[in-house]
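*Asks:* One file: input.cif (mmCIF, C-alpha atoms and all ligand atoms).
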```
data_final
#
loop_
_atom_site.label_atom_id
_atom_site.label_comp_id
_atom_site.auth_asym_id
_atom_site.auth_seq_id
_atom_site.Cartn_x
_atom_site.Cartn_y
_atom_site.Cartn_z
CA MET A 286 46.69 4.23 31.15
CA PRO A 287 47.42 7.07 28.69
CA LYS A 288 44.39 8.63 27.03
CA LEU A 289 43.94 7.65 23.38
CA ILE A 290 43.07 10.26 20.76
CA VAL A 291 42.29 9.11 17.25
CA ALA A 292 42.04 11.49 14.27
CA ASN A 293 39.80 10.33 11.45
CA TYR A 294 40.53 12.58 8.48
CA LYS A 295 37.85 10.84 6.38
CA MET A 296 37.95 11.81 2.66
CA ASN A 297 39.58 15.16 3.34
CA GLY A 298 42.92 16.89 3.06
CA SER A 299 45.66 17.32 0.50
CA LYS A 300 49.43 16.81 0.37
CA LYS A 301 49.81 20.46 1.34
CA LEU A 302 47.49 20.29 4.34
CA TYR A 303 49.01 17.06 5.61
CA ALA A 304 52.55 18.49 5.30
CA THR A 305 51.46 21.27 7.70
CA ILE A 306 49.73 18.83 10.03
CA ILE A 307 52.69 16.42 10.16
CA LYS A 308 55.17 19.23 10.84
CA LYS A 309 53.14 20.40 13.84
CA ILE A 310 52.42 16.87 15.08
CA ASN A 311 56.10 15.90 14.95
CA LYS A 312 56.90 18.85 17.23
CA LEU A 313 54.05 18.15 19.64
CA LYS A 314 55.11 17.38 23.21
CA VAL A 315 52.80 15.29 25.35
CA MET A 316 53.36 13.30 28.54
CA ASP A 317 50.58 10.80 28.86
CA THR A 318 48.55 10.69 25.66
CA LYS A 319 48.64 8.33 22.70
CA ILE A 320 47.67 9.82 19.34
CA VAL A 321 46.66 7.88 16.23
CA LEU A 322 46.32 9.63 12.87
CA CYS A 323 44.13 7.99 10.21
CA PRO A 324 44.55 9.61 6.79
CA PRO A 325 43.06 8.36 3.51
CA PHE A 326 45.13 5.47 2.05
CA VAL A 327 46.66 7.59 -0.72
CA TYR A 328 48.35 9.84 1.82
CA LEU A 329 49.79 7.16 4.11
CA ASP A 330 53.26 7.56 2.63
CA GLU A 331 53.24 11.28 3.48
CA PHE A 332 52.94 10.44 7.18
CA ARG A 333 56.59 10.09 8.17
CA LEU A 334 55.90 10.41 11.89
CA LYS A 335 58.78 11.27 14.20
CA ASN A 336 57.02 11.44 17.52
CA ARG A 337 56.93 8.41 19.80
CA PHE A 338 53.51 9.40 21.10
CA VAL A 339 51.99 9.33 17.61
CA SER A 340 51.12 6.27 15.52
CA LEU A 341 49.68 5.76 12.08
CA GLY A 342 46.26 4.32 11.42
CA CYS A 343 43.91 4.08 8.46
CA GLN A 344 40.17 4.15 7.86
CA ASP A 345 39.39 0.67 6.54
CA ILE A 346 40.84 -2.68 5.46
CA THR A 347 39.77 -5.53 3.21
CA ASN A 348 37.59 -8.29 4.63
CA GLU A 349 38.82 -10.74 2.01
CA ASP A 350 41.70 -13.09 2.15
CA ASN A 351 42.47 -13.19 -1.54
CA SER A 352 44.25 -10.99 -4.03
CA LYS A 353 41.36 -10.90 -6.53
CA SER A 354 39.76 -7.91 -4.79
CA THR A 355 39.86 -4.86 -6.99
CA GLY A 356 40.01 -1.66 -5.00
CA GLN A 357 40.71 -3.32 -1.66
CA ILE A 358 43.70 -2.79 0.64
CA SER A 359 45.40 -5.74 2.33
CA PRO A 360 46.99 -5.87 5.80
CA LYS A 361 50.37 -6.60 4.21
CA MET A 362 50.19 -3.31 2.28
CA LEU A 363 49.27 -1.36 5.40
CA LEU A 364 52.15 -2.88 7.37
CA GLU A 365 54.58 -1.70 4.67
CA PHE A 366 53.56 1.87 5.57
CA GLN A 367 53.95 1.30 9.34
CA VAL A 368 50.20 1.36 9.92
CA GLU A 369 49.38 0.06 13.41
CA TYR A 370 45.67 0.83 13.81
CA VAL A 371 42.63 0.43 11.55
CA ILE A 372 39.21 2.06 11.99
CA VAL A 373 36.65 -0.68 11.37
CA GLY A 374 32.87 -0.43 11.06
CA HIS A 375 32.60 3.36 10.95
CA SER A 376 28.94 4.35 10.52
CA GLU A 377 29.79 6.01 7.21
CA ARG A 378 30.91 2.60 5.92
CA ARG A 379 27.94 0.84 7.51
CA LYS A 380 25.76 3.30 5.57
CA LEU A 381 27.39 2.05 2.36
CA GLY A 382 26.17 -1.45 3.20
CA GLU A 383 28.88 -2.86 5.45
CA LYS A 384 27.37 -5.54 7.68
CA ASP A 385 28.32 -6.85 11.13
CA GLU A 386 29.65 -10.05 9.53
CA GLN A 387 32.10 -8.14 7.29
CA ILE A 388 33.13 -5.97 10.23
CA ASN A 389 33.91 -9.12 12.21
CA GLU A 390 36.00 -10.43 9.26
CA LYS A 391 37.90 -7.14 9.15
CA VAL A 392 38.53 -7.24 12.89
CA LYS A 393 39.92 -10.77 12.58
CA ILE A 394 42.09 -9.85 9.58
CA CYS A 395 43.54 -6.97 11.62
CA LEU A 396 44.24 -9.14 14.66
CA ASN A 397 45.75 -11.97 12.59
CA ASN A 398 48.20 -9.48 11.10
CA GLY A 399 49.25 -7.54 14.18
CA LEU A 400 47.04 -4.53 13.43
CA GLN A 401 44.87 -3.02 16.14
CA PRO A 402 41.24 -2.50 15.06
CA ILE A 403 39.35 0.52 16.38
CA ILE A 404 35.78 -0.75 16.28
CA CYS A 405 33.08 1.88 15.78
CA VAL A 406 29.59 1.28 17.17
CA GLY A 407 26.64 3.54 17.85
CA GLU A 408 22.88 3.92 17.68
CA GLU A 409 21.30 5.60 14.64
CA LYS A 410 18.79 7.83 16.39
CA LYS A 411 18.79 9.40 19.82
CA SER A 412 15.51 7.60 20.54
CA ASP A 413 17.05 4.15 19.77
CA LYS A 414 17.62 1.68 22.56
CA LEU A 415 21.26 1.65 23.72
CA ASP A 416 21.22 -2.16 23.78
CA SER A 417 21.34 -2.24 19.96
CA VAL A 418 24.92 -0.99 20.32
CA LEU A 419 25.83 -4.03 22.43
CA PHE A 420 24.81 -6.29 19.57
CA GLN A 421 27.24 -4.45 17.28
CA VAL A 422 30.02 -4.88 19.86
CA GLU A 423 29.33 -8.61 20.27
CA GLN A 424 29.18 -9.25 16.51
CA ALA A 425 32.36 -7.27 15.81
CA ILE A 426 34.55 -9.24 18.23
CA LYS A 427 32.92 -12.65 17.73
CA ASN A 428 35.48 -15.49 17.71
CA THR A 429 38.46 -13.31 18.54
CA PRO A 430 41.03 -14.32 21.19
CA LYS A 431 39.94 -13.44 24.71
CA ASN A 432 43.35 -12.02 25.62
CA ILE A 433 42.95 -8.96 23.39
CA ILE A 434 41.88 -5.59 24.76
CA PRO A 435 39.37 -4.37 22.16
CA ILE A 436 39.31 -0.67 21.30
CA ILE A 437 35.68 0.36 20.97
CA ALA A 438 34.65 3.81 19.76
CA TYR A 439 31.13 4.70 20.85
CA GLU A 440 29.93 7.05 18.13
CA PRO A 441 26.20 7.81 18.17
CA VAL A 442 25.38 8.22 14.48
CA TRP A 443 23.12 11.18 15.24
CA ALA A 444 26.07 12.99 16.85
CA ILE A 445 28.58 12.55 14.02
CA GLY A 446 29.19 15.80 12.19
CA THR A 447 25.92 17.31 13.43
CA GLY A 448 27.06 19.49 16.33
CA LYS A 449 24.76 17.48 18.62
CA LEU A 450 26.28 15.92 21.73
CA PRO A 451 24.97 13.23 24.05
CA GLU A 452 24.76 14.10 27.75
CA VAL A 453 27.64 12.82 29.88
CA SER A 454 25.10 10.63 31.69
CA ARG A 455 24.20 8.91 28.40
CA ILE A 456 27.86 8.26 27.57
CA ASN A 457 28.36 6.88 31.08
CA ARG A 458 25.39 4.55 30.73
CA MET A 459 26.74 3.33 27.39
CA SER A 460 30.23 3.01 28.79
CA LYS A 461 28.99 0.86 31.66
CA LYS A 462 26.92 -1.33 29.32
CA ILE A 463 29.80 -1.85 26.88
CA ARG A 464 32.33 -2.61 29.61
CA THR A 465 29.95 -5.10 31.23
CA LYS A 466 29.29 -6.74 27.85
CA ILE A 467 33.02 -7.04 27.19
CA THR A 468 33.65 -8.82 30.49
CA ASP A 469 30.54 -11.00 30.10
CA LEU A 470 31.99 -12.14 26.77
CA GLY A 471 35.20 -13.20 28.53
CA TYR A 472 37.53 -10.31 27.72
CA GLN A 473 39.36 -8.63 30.59
CA ASN A 474 38.87 -5.06 29.58
CA CYS A 475 38.39 -2.67 26.68
CA ILE A 476 39.59 0.78 25.70
CA LEU A 477 36.50 2.91 25.22
CA LEU A 478 36.49 6.05 23.09
CA TYR A 479 33.75 8.54 22.40
CA GLY A 480 33.33 10.14 18.95
CA GLY A 481 30.90 12.67 17.48
CA SER A 482 30.96 16.49 17.18
CA ILE A 483 33.85 17.08 19.56
CA ASN A 484 35.58 20.46 19.36
CA SER A 485 37.85 22.57 21.55
CA ASN A 486 34.86 24.06 23.40
CA ASN A 487 33.16 20.84 24.43
CA PHE A 488 35.90 18.20 24.85
CA LYS A 489 36.47 18.92 28.56
CA GLU A 490 32.84 18.25 29.41
CA ILE A 491 32.85 14.97 27.45
CA MET A 492 36.13 13.88 29.05
CA LEU A 493 34.32 13.98 32.41
CA SER A 494 32.55 10.80 31.33
CA GLN A 495 33.91 7.31 31.85
CA ILE A 496 35.89 7.01 28.63
CA ASP A 497 39.52 6.38 27.78
CA GLY A 498 39.79 8.85 24.94
CA LEU A 499 38.24 10.39 21.85
CA LEU A 500 37.78 9.73 18.17
CA LEU A 501 37.84 13.07 16.38
CA GLY A 502 36.53 13.73 12.86
CA GLY A 503 36.16 17.26 11.48
CA VAL A 504 38.22 18.96 14.18
CA SER A 505 41.31 16.88 13.41
CA LEU A 506 41.76 18.81 10.15
CA ARG A 507 41.98 22.06 12.09
CA ILE A 508 45.42 21.27 13.45
CA ASP A 509 45.72 24.09 15.99
CA GLU A 510 42.35 23.23 17.49
CA PHE A 511 43.26 19.53 17.44
CA ILE A 512 46.50 20.26 19.32
CA LYS A 513 44.57 22.38 21.85
CA ILE A 514 42.35 19.36 22.57
CA VAL A 515 45.32 16.97 22.84
CA LYS A 516 47.15 19.30 25.22
CA GLY A 517 44.02 19.93 27.27
CA ILE A 518 43.59 16.18 27.78
CA ASP A 519 47.29 15.56 28.36
CA ASP A 520 47.49 18.27 31.04
CA ASP A 521 44.64 16.77 33.09
C1 LIG B 601 33.70 10.55 13.04
O1 LIG B 601 33.26 10.61 11.89
O2 LIG B 601 34.22 9.52 13.47
C2 LIG B 601 33.58 11.74 13.89
C3 LIG B 601 33.83 11.64 15.16
O3 LIG B 601 33.21 12.89 13.24
P1 LIG B 601 32.97 14.36 13.85
O4 LIG B 601 33.98 14.56 14.94
O5 LIG B 601 33.23 15.27 12.68
O6 LIG B 601 31.58 14.38 14.35
#
```
Can I see the file as structure tokens?
Ligand code: PEP
*Replies:*
Amino acid sequence: MPKLIVANYKMNGSKKLYATIIKKINKLKVMDTKIVLCPPFVYLDEFRLKNRFVSLGCQDITNEDNSKSTGQISPKMLLEFQVEYVIVGHSERRKLGEKDEQINEKVKICLNNGLQPIICVGEEKKSDKLDSVLFQVEQAIKNTPKNIIPIIAYEPVWAIGTGKLPEVSRINRMSKKIRTKITDLGYQNCILLYGGSINSNNFKEIMLSQIDGLLLGGVSLRIDEFIKIVKGIDDD
């Protein structure tokens, strides 16, 4: 299975920066890596991607099935811009009050419309019990068809944007727990990503853990460093 690398640009960037990023990404040659770029909604139309290894994603979606939702973005709108993936339940949205129930609604809206949710889960503090993460996983995929292969991004909140990394052994323990949970719930498999403070100096160590790819935040804006990571993973 190709490794999956997701870039979450968060509330960053500009038309100028994305023009540079897209130019370099369209020229990027990889063999066995899938890349997903998730810009802010207002820049989706800038992302005319001409690289079969690269797909478009976004950072959120509505949880409501009605048009009277000021400020929300529907699946139909995203599909018009060739969006294929949606980050759901990022901790920065959970911090704004998003609850497991809404995350589950978003996951179902994605799946009902042919969009692939990338479900973010993770413990708040390093001292928290890892099992709290399993609850987030279970709630997010509740009542979804068992033939899907969920994409789960394990992102310890304390590692996001802090420069702090979990040990490989911790990621492996979490990976095992999540994969077991997924099969216990009746799904065949999942694609498991790690996210939080990855850069070009530490990605190799983290890729030694039992994960299927990475979710990258800050480093994805530094396009040359991002490409270095992609190539480093692709070459392995
Ligand atoms: C993220 O916010 O999903 C993330 C992984 O951020 P960073 O890489 O900047 O820690």
*Asks:* Just the residues within 12 Å of Leu477 in chain A, please, counting only C-alpha atoms, with nothing from its chain fewer than 2 positions along; format it as a PDB file with C-alpha atoms, in the coordinates of the input.
*Replies:*
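Ended up saving to selection-v9.pdb:
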```pdb
ATOM      1  CA  MET A 286      46.690   4.230  31.150  1.00  0.00           C
ATOM      2  CA  LYS A 288      44.390   8.630  27.030  1.00  0.00           C
ATOM      3  CA  LEU A 289      43.940   7.650  23.380  1.00  0.00           C
ATOM      4  CA  ILE A 290      43.070  10.260  20.760  1.00  0.00           C
ATOM      5  CA  VAL A 291      42.290   9.110  17.250  1.00  0.00           C
ATOM      6  CA  ILE A 403      39.350   0.520  16.380  1.00  0.00           C
ATOM      7  CA  ILE A 404      35.780  -0.750  16.280  1.00  0.00           C
ATOM      8  CA  CYS A 405      33.080   1.880  15.780  1.00  0.00           C
ATOM      9  CA  VAL A 406      29.590   1.280  17.170  1.00  0.00           C
ATOM     10  CA  VAL A 422      30.020  -4.880  19.860  1.00  0.00           C
ATOM     11  CA  ILE A 434      41.880  -5.590  24.760  1.00  0.00           C
ATOM     12  CA  PRO A 435      39.370  -4.370  22.160  1.00  0.00           C
ATOM     13  CA  ILE A 436      39.310  -0.670  21.300  1.00  0.00           C
ATOM     14  CA  ILE A 437      35.680   0.360  20.970  1.00  0.00           C
ATOM     15  CA  ALA A 438      34.650   3.810  19.760  1.00  0.00           C
ATOM     16  CA  TYR A 439      31.130   4.700  20.850  1.00  0.00           C
ATOM     17  CA  GLU A 440      29.930   7.050  18.130  1.00  0.00           C
ATOM     18  CA  ILE A 456      27.860   8.260  27.570  1.00  0.00           C
ATOM     19  CA  ASN A 457      28.360   6.880  31.080  1.00  0.00           C
ATOM     20  CA  MET A 459      26.740   3.330  27.390  1.00  0.00           C
ATOM     21  CA  SER A 460      30.230   3.010  28.790  1.00  0.00           C
ATOM     22  CA  LYS A 461      28.990   0.860  31.660  1.00  0.00           C
ATOM     23  CA  LYS A 462      26.920  -1.330  29.320  1.00  0.00           C
ATOM     24  CA  ILE A 463      29.800  -1.850  26.880  1.00  0.00           C
ATOM     25  CA  ARG A 464      32.330  -2.610  29.610  1.00  0.00           C
ATOM     26  CA  THR A 465      29.950  -5.100  31.230  1.00  0.00           C
ATOM     27  CA  ILE A 467      33.020  -7.040  27.190  1.00  0.00           C
ATOM     28  CA  ASN A 474      38.870  -5.060  29.580  1.00  0.00           C
ATOM     29  CA  CYS A 475      38.390  -2.670  26.680  1.00  0.00           C
ATOM     30  CA  TYR A 479      33.750   8.540  22.400  1.00  0.00           C
ATOM     31  CA  GLY A 480      33.330  10.140  18.950  1.00  0.00           C
ATOM     32  CA  MET A 492      36.130  13.880  29.050  1.00  0.00           C
ATOM     33  CA  SER A 494      32.550  10.800  31.330  1.00  0.00           C
ATOM     34  CA  GLN A 495      33.910   7.310  31.850  1.00  0.00           C
ATOM     35  CA  ILE A 496      35.890   7.010  28.630  1.00  0.00           C
ATOM     36  CA  ASP A 497      39.520   6.380  27.780  1.00  0.00           C
ATOM     37  CA  GLY A 498      39.790   8.850  24.940  1.00  0.00           C
ATOM     38  CA  LEU A 499      38.240  10.390  21.850  1.00  0.00           C
ATOM     39  CA  LEU A 500      37.780   9.730  18.170  1.00  0.00           C
TER      40      LEU A 500
END
```
*Asks:* Which residues of chain A come within 9 Å of ligand LIG 601 (chain B), and for each one, what is the closest pair of atoms and their distance in Å to one decimal, counting all atoms listed in the file, sorted by chain and residue number, as a Markdown table?
*Replies:*
```
| residue | atom | partner | partner_atom | distance |
| --- | --- | --- | --- | --- |
| A:Val291 | CA | B:LIG601 | O2 | 8.9 |
| A:Ala292 | CA | B:LIG601 | O2 | 8.1 |
| A:Asn293 | CA | B:LIG601 | O2 | 6.0 |
| A:Tyr294 | CA | B:LIG601 | O1 | 8.3 |
| A:Lys295 | CA | B:LIG601 | O1 | 7.2 |
| A:His375 | CA | B:LIG601 | O2 | 6.8 |
| A:Ser376 | CA | B:LIG601 | O1 | 7.7 |
| A:Glu377 | CA | B:LIG601 | O1 | 7.4 |
| A:Cys405 | CA | B:LIG601 | O2 | 8.1 |
| A:Ala438 | CA | B:LIG601 | O2 | 8.5 |
| A:Glu440 | CA | B:LIG601 | C3 | 6.7 |
| A:Val442 | CA | B:LIG601 | O1 | 8.6 |
| A:Ala444 | CA | B:LIG601 | O6 | 6.2 |
| A:Ile445 | CA | B:LIG601 | O6 | 3.5 |
| A:Gly446 | CA | B:LIG601 | O6 | 3.5 |
| A:Thr447 | CA | B:LIG601 | O6 | 6.4 |
| A:Gly448 | CA | B:LIG601 | O6 | 7.1 |
| A:Lys449 | CA | B:LIG601 | O6 | 8.6 |
| A:Tyr479 | CA | B:LIG601 | C3 | 7.9 |
| A:Gly480 | CA | B:LIG601 | C3 | 4.1 |
| A:Gly481 | CA | B:LIG601 | O6 | 3.6 |
| A:Ser482 | CA | B:LIG601 | O6 | 3.6 |
| A:Ile483 | CA | B:LIG601 | O4 | 5.3 |
| A:Asn484 | CA | B:LIG601 | O4 | 7.5 |
| A:Leu499 | CA | B:LIG601 | C3 | 8.1 |
| A:Leu500 | CA | B:LIG601 | C3 | 5.3 |
| A:Leu501 | CA | B:LIG601 | O4 | 4.4 |
| A:Gly502 | CA | B:LIG601 | O4 | 3.4 |
| A:Gly503 | CA | B:LIG601 | O5 | 3.7 |
| A:Val504 | CA | B:LIG601 | O4 | 6.2 |
| A:Ser505 | CA | B:LIG601 | O4 | 7.8 |
```
*Asks:* Which one is closest to Gln401 in chain A: A:Asp330, A:Glu510, A:Asp521, A:Glu369? Count only C-alpha atoms.
*Replies:*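 Between A:Asp330, A:Glu510, A:Asp521, A:Glu369, the residue approaching Gln401 in chain A most closely is A:Glu369.
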*Asks:* Mind giving me the straight-line distance from CA of Glu383 in chain A to CA of Trp443 in chain A in Å, one decimal?
*Replies:*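 If I compute the distance from CA of Glu383 in chain A to CA of Trp443 in chain A, I get 18.1 Å.
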*Asks:* Considering only C-alpha atoms, state which residue in the set A:Val515, A:Ile433, A:Leu450, A:Leu381 is at the smallest distance from Thr468 in chain A.
*Replies:*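 Distance minimum relative to Thr468 in chain A lands on A:Ile433.
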*Asks:* With all atoms listed in the file as the atoms that count, which of A:Gly356, A:Gly298, A:Phe338, A:Phe511 lies nearest to Ser485 in chain A?
*Replies:*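 Closest residue, counting all atoms listed in the file: A:Phe511.
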*Asks:* Starting from the incomplete input, reconstruct N, CA, C and O atoms of range 293-314 of chain A and report them as a PDB file, keeping the file's coordinate frame.
*Replies:*
```
ATOM      1  N   ASN A 293      40.319  10.916  12.681  1.00  0.00           N
ATOM      2  CA  ASN A 293      39.800  10.330  11.450  1.00  0.00           C
ATOM      3  C   ASN A 293      39.640  11.457  10.433  1.00  0.00           C
ATOM      4  O   ASN A 293      38.726  12.278  10.544  1.00  0.00           O
ATOM      5  N   TYR A 294      40.572  11.486   9.457  1.00  0.00           N
ATOM      6  CA  TYR A 294      40.530  12.580   8.480  1.00  0.00           C
ATOM      7  C   TYR A 294      39.475  12.368   7.383  1.00  0.00           C
ATOM      8  O   TYR A 294      39.281  13.244   6.548  1.00  0.00           O
ATOM      9  N   LYS A 295      38.869  11.188   7.393  1.00  0.00           N
ATOM     10  CA  LYS A 295      37.850  10.840   6.380  1.00  0.00           C
ATOM     11  C   LYS A 295      38.382  11.137   4.971  1.00  0.00           C
ATOM     12  O   LYS A 295      39.579  11.044   4.745  1.00  0.00           O
ATOM     13  N   MET A 296      37.507  11.574   4.041  1.00  0.00           N
ATOM     14  CA  MET A 296      37.950  11.810   2.660  1.00  0.00           C
ATOM     15  C   MET A 296      38.310  13.290   2.486  1.00  0.00           C
ATOM     16  O   MET A 296      37.767  13.989   1.628  1.00  0.00           O
ATOM     17  N   ASN A 297      39.216  13.749   3.354  1.00  0.00           N
ATOM     18  CA  ASN A 297      39.580  15.160   3.340  1.00  0.00           C
ATOM     19  C   ASN A 297      41.090  15.313   3.209  1.00  0.00           C
ATOM     20  O   ASN A 297      41.840  14.362   3.352  1.00  0.00           O
ATOM     21  N   GLY A 298      41.499  16.554   3.013  1.00  0.00           N
ATOM     22  CA  GLY A 298      42.920  16.890   3.060  1.00  0.00           C
ATOM     23  C   GLY A 298      43.580  16.870   1.697  1.00  0.00           C
ATOM     24  O   GLY A 298      42.977  16.549   0.674  1.00  0.00           O
ATOM     25  N   SER A 299      44.850  17.249   1.714  1.00  0.00           N
ATOM     26  CA  SER A 299      45.660  17.320   0.500  1.00  0.00           C
ATOM     27  C   SER A 299      47.108  17.151   0.947  1.00  0.00           C
ATOM     28  O   SER A 299      47.397  17.239   2.148  1.00  0.00           O
ATOM     29  N   LYS A 300      48.008  16.940  -0.001  1.00  0.00           N
ATOM     30  CA  LYS A 300      49.430  16.810   0.370  1.00  0.00           C
ATOM     31  C   LYS A 300      49.873  18.038   1.161  1.00  0.00           C
ATOM     32  O   LYS A 300      50.596  17.941   2.135  1.00  0.00           O
ATOM     33  N   LYS A 301      49.397  19.207   0.709  1.00  0.00           N
ATOM     34  CA  LYS A 301      49.810  20.460   1.340  1.00  0.00           C
ATOM     35  C   LYS A 301      49.315  20.519   2.791  1.00  0.00           C
ATOM     36  O   LYS A 301      50.082  20.819   3.709  1.00  0.00           O
ATOM     37  N   LEU A 302      48.045  20.221   2.981  1.00  0.00           N
ATOM     38  CA  LEU A 302      47.490  20.290   4.340  1.00  0.00           C
ATOM     39  C   LEU A 302      48.184  19.275   5.253  1.00  0.00           C
ATOM     40  O   LEU A 302      48.565  19.587   6.381  1.00  0.00           O
ATOM     41  N   TYR A 303      48.388  18.067   4.744  1.00  0.00           N
ATOM     42  CA  TYR A 303      49.010  17.060   5.610  1.00  0.00           C
ATOM     43  C   TYR A 303      50.468  17.398   5.930  1.00  0.00           C
ATOM     44  O   TYR A 303      50.951  17.069   7.006  1.00  0.00           O
ATOM     45  N   ALA A 304      51.164  18.074   5.003  1.00  0.00           N
ATOM     46  CA  ALA A 304      52.550  18.490   5.300  1.00  0.00           C
ATOM     47  C   ALA A 304      52.536  19.425   6.516  1.00  0.00           C
ATOM     48  O   ALA A 304      53.364  19.297   7.429  1.00  0.00           O
ATOM     49  N   THR A 305      51.571  20.343   6.560  1.00  0.00           N
ATOM     50  CA  THR A 305      51.460  21.270   7.700  1.00  0.00           C
ATOM     51  C   THR A 305      51.115  20.491   8.968  1.00  0.00           C
ATOM     52  O   THR A 305      51.713  20.726  10.039  1.00  0.00           O
ATOM     53  N   ILE A 306      50.158  19.595   8.858  1.00  0.00           N
ATOM     54  CA  ILE A 306      49.730  18.830  10.030  1.00  0.00           C
ATOM     55  C   ILE A 306      50.888  18.008  10.589  1.00  0.00           C
ATOM     56  O   ILE A 306      51.168  18.020  11.791  1.00  0.00           O
ATOM     57  N   ILE A 307      51.611  17.316   9.707  1.00  0.00           N
ATOM     58  CA  ILE A 307      52.690  16.420  10.160  1.00  0.00           C
ATOM     59  C   ILE A 307      53.811  17.223  10.837  1.00  0.00           C
ATOM     60  O   ILE A 307      54.349  16.824  11.865  1.00  0.00           O
ATOM     61  N   LYS A 308      54.126  18.374  10.262  1.00  0.00           N
ATOM     62  CA  LYS A 308      55.170  19.230  10.840  1.00  0.00           C
ATOM     63  C   LYS A 308      54.810  19.587  12.289  1.00  0.00           C
ATOM     64  O   LYS A 308      55.637  19.480  13.194  1.00  0.00           O
ATOM     65  N   LYS A 309      53.573  19.996  12.489  1.00  0.00           N
ATOM     66  CA  LYS A 309      53.140  20.400  13.840  1.00  0.00           C
ATOM     67  C   LYS A 309      53.051  19.184  14.769  1.00  0.00           C
ATOM     68  O   LYS A 309      53.406  19.261  15.946  1.00  0.00           O
ATOM     69  N   ILE A 310      52.569  18.075  14.250  1.00  0.00           N
ATOM     70  CA  ILE A 310      52.420  16.870  15.080  1.00  0.00           C
ATOM     71  C   ILE A 310      53.794  16.347  15.496  1.00  0.00           C
ATOM     72  O   ILE A 310      53.984  15.901  16.630  1.00  0.00           O
ATOM     73  N   ASN A 311      54.769  16.408  14.595  1.00  0.00           N
ATOM     74  CA  ASN A 311      56.100  15.900  14.950  1.00  0.00           C
ATOM     75  C   ASN A 311      56.760  16.726  16.048  1.00  0.00           C
ATOM     76  O   ASN A 311      57.620  16.240  16.769  1.00  0.00           O
ATOM     77  N   LYS A 312      56.323  17.987  16.182  1.00  0.00           N
ATOM     78  CA  LYS A 312      56.900  18.850  17.230  1.00  0.00           C
ATOM     79  C   LYS A 312      56.107  18.788  18.531  1.00  0.00           C
ATOM     80  O   LYS A 312      56.511  19.353  19.544  1.00  0.00           O
ATOM     81  N   LEU A 313      54.957  18.141  18.488  1.00  0.00           N
ATOM     82  CA  LEU A 313      54.050  18.150  19.640  1.00  0.00           C
ATOM     83  C   LEU A 313      54.644  17.395  20.827  1.00  0.00           C
ATOM     84  O   LEU A 313      55.125  16.264  20.684  1.00  0.00           O
ATOM     85  N   LYS A 314      54.583  18.032  22.004  1.00  0.00           N
ATOM     86  CA  LYS A 314      55.110  17.380  23.210  1.00  0.00           C
ATOM     87  C   LYS A 314      53.946  17.016  24.114  1.00  0.00           C
ATOM     88  O   LYS A 314      53.191  17.895  24.537  1.00  0.00           O
TER      89      LYS A 314
END
```
